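Have a look at upload_16.pdb below; it lists PDB, C-alpha atoms.
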MODEL        1
ATOM      1  CA  MET W   1      59.783  81.750  61.967
ATOM      2  CA  ASN W   2      59.677  79.645  58.848
ATOM      3  CA  GLN W   3      57.803  76.397  59.614
ATOM      4  CA  THR W   4      60.306  74.245  57.724
ATOM      5  CA  LEU W   5      63.232  75.794  59.568
ATOM      6  CA  GLN W   6      61.465  75.503  62.929
ATOM      7  CA  LYS W   7      60.745  71.807  62.305
ATOM      8  CA  LEU W   8      64.370  71.148  61.363
ATOM      9  CA  LEU W   9      65.675  72.994  64.424
ATOM     10  CA  ASN W  10      63.258  71.196  66.745
ATOM     11  CA  GLU W  11      64.482  67.837  65.433
ATOM     12  CA  ASP W  12      68.193  68.742  65.392
ATOM     13  CA  LYS W  13      69.664  67.303  68.599
ATOM     14  CA  SER W  14      72.963  69.122  68.126
ATOM     15  CA  TYR W  15      71.182  72.466  67.750
ATOM     16  CA  GLN W  16      69.029  71.764  70.798
ATOM     17  CA  GLU W  17      72.110  70.883  72.861
ATOM     18  CA  ILE W  18      73.984  73.997  71.776
ATOM     19  CA  SER W  19      70.922  76.178  72.445
ATOM     20  CA  GLY W  20      70.700  74.764  75.964
ATOM     21  CA  GLU W  21      74.384  75.447  76.540
ATOM     22  CA  GLU W  22      73.944  78.976  75.237
ATOM     23  CA  ARG W  23      71.080  79.601  77.689
ATOM     24  CA  LYS W  24      73.206  78.323  80.582
ATOM     25  CA  ALA W  25      76.145  80.497  79.517
ATOM     26  CA  TYR W  26      73.872  83.547  79.301
ATOM     27  CA  GLU W  27      72.475  82.837  82.758
ATOM     28  CA  ALA W  28      76.044  82.598  84.106
ATOM     29  CA  TYR W  29      76.915  85.866  82.343
ATOM     30  CA  GLU W  30      73.909  87.573  83.927
ATOM     31  CA  LYS W  31      75.140  86.518  87.387
ATOM     32  CA  LEU W  32      78.619  87.994  86.898
ATOM     33  CA  ALA W  33      79.465  91.055  88.945
ATOM     34  CA  LEU W  34      80.518  93.138  85.955
ATOM     35  CA  SER W  35      80.627  96.900  85.953
ATOM     36  CA  GLU W  36      78.226  98.707  83.654
ATOM     37  CA  GLU W  37      81.100  99.448  81.250
ATOM     38  CA  GLN W  38      82.310  95.833  81.225
ATOM     39  CA  ARG W  39      78.774  94.571  80.584
ATOM     40  CA  ARG W  40      78.350  97.124  77.771
ATOM     41  CA  ILE W  41      81.576  95.925  76.110
ATOM     42  CA  VAL W  42      80.559  92.261  76.354
ATOM     43  CA  ASP W  43      77.074  93.080  75.036
ATOM     44  CA  ILE W  44      78.568  94.926  72.049
ATOM     45  CA  LEU W  45      80.924  92.021  71.368
ATOM     46  CA  LEU W  46      78.062  89.515  71.427
ATOM     47  CA  ALA W  47      75.849  91.732  69.256
ATOM     48  CA  LYS W  48      78.575  92.266  66.649
ATOM     49  CA  ASN W  49      79.340  88.542  66.629
ATOM     50  CA  ASN W  50      75.640  87.811  66.037
ATOM     51  CA  GLU W  51      75.510  90.380  63.229
ATOM     52  CA  ALA W  52      78.606  88.926  61.562
ATOM     53  CA  GLN W  53      77.250  85.378  61.859
ATOM     54  CA  PHE W  54      73.924  86.480  60.374
ATOM     55  CA  GLU W  55      75.660  88.053  57.374
ATOM     56  CA  TYR W  56      77.858  84.977  56.936
ATOM     57  CA  HIS W  57      74.882  82.611  56.983
ATOM     58  CA  ASP W  58      72.859  84.913  54.737
ATOM     59  CA  ASN W  59      75.654  84.804  52.154
ATOM     60  CA  ALA W  60      76.149  81.042  52.588
ATOM     61  CA  TYR W  61      72.424  80.518  51.926
ATOM     62  CA  LEU W  62      72.576  82.753  48.853
ATOM     63  CA  ALA W  63      75.655  80.885  47.591
ATOM     64  CA  GLY W  64      73.777  77.604  47.965
ATOM     65  CA  MET W  65      70.799  78.980  46.040
ATOM     66  CA  LEU W  66      73.065  80.245  43.246
ATOM     67  CA  ASP W  67      74.862  76.885  43.097
ATOM     68  CA  ALA W  68      71.501  75.090  42.918
ATOM     69  CA  TYR W  69      70.478  77.385  40.057
ATOM     70  CA  VAL W  70      73.643  76.414  38.133
ATOM     71  CA  VAL W  71      72.973  72.708  38.748
ATOM     72  CA  PHE W  72      69.382  73.099  37.521
ATOM     73  CA  GLN W  73      70.721  74.788  34.381
ATOM     74  CA  GLN W  74      73.247  72.010  33.810
ATOM     75  CA  PHE W  75      70.507  69.391  33.997
ATOM     76  CA  GLY W  76      68.292  71.403  31.674
ATOM     77  CA  LEU W  77      65.653  71.872  34.352
ATOM     78  CA  ILE W  78      65.643  75.629  33.774
ATOM     79  CA  GLU W  79      66.729  77.766  30.857
ATOM     80  CA  LYS W  80      69.694  80.092  31.033
TER      81      LYS W  80
ENDMDL
END
Mind converting the file's structure to structure tokens?
Amino acid sequence: MNQTLQKLLNEDKSYQEISGEERKAYEAYEKLALSEEQRRIVDILLAKNNEAQFEYHDNAYLAGMLDAYVVFQQFGLIEK
């Protein structure tokens, strides 16, 4: 993992809290007496949600980079 990102995440109390809650929720999920089909459906739902969130954040990051590029141009820090 990127060292800068890892440092930010380690110092982000909100992220740490949410990560802990996620672990507890996953442990509770693992203890549920779900059928194989029910567990498969939940696993697919979680995987697709993760994929969608990844794509969203990937595009949000790209949008931020493009916006920063425009700001740098406006301040004459880079040429068009």
Could you work out an axis-aligned box for stretch 61-75 of chain W, taking every atom the file lists and adding 6 Å on each side, and report centre and edge lengths in Å to one decimal, as lines of an AutoDock Vina configuration file?
center_x = 72.5
center_y = 76.1
center_z = 42.9
size_x = 18.3
size_y = 25.4
size_z = 30.1
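If you look at atom CA of W:Val42 and atom CA of W:Tyr29, they are 9.5 Å away from each other.
Put simply, atom CA of W:Ala25 is 15.2 Å away from atom CA of W:Ala47.
For the choices W:Leu66, W:Tyr26, W:Gln73, W:Gln6, the atom-to-atom distance to W:Leu46 is smallest for W:Tyr26 when using all atoms listed in the file.
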Gap from atom CA of W:Gly64 to atom CA of W:Ile78 - Å, one decimal: 16.5 Å
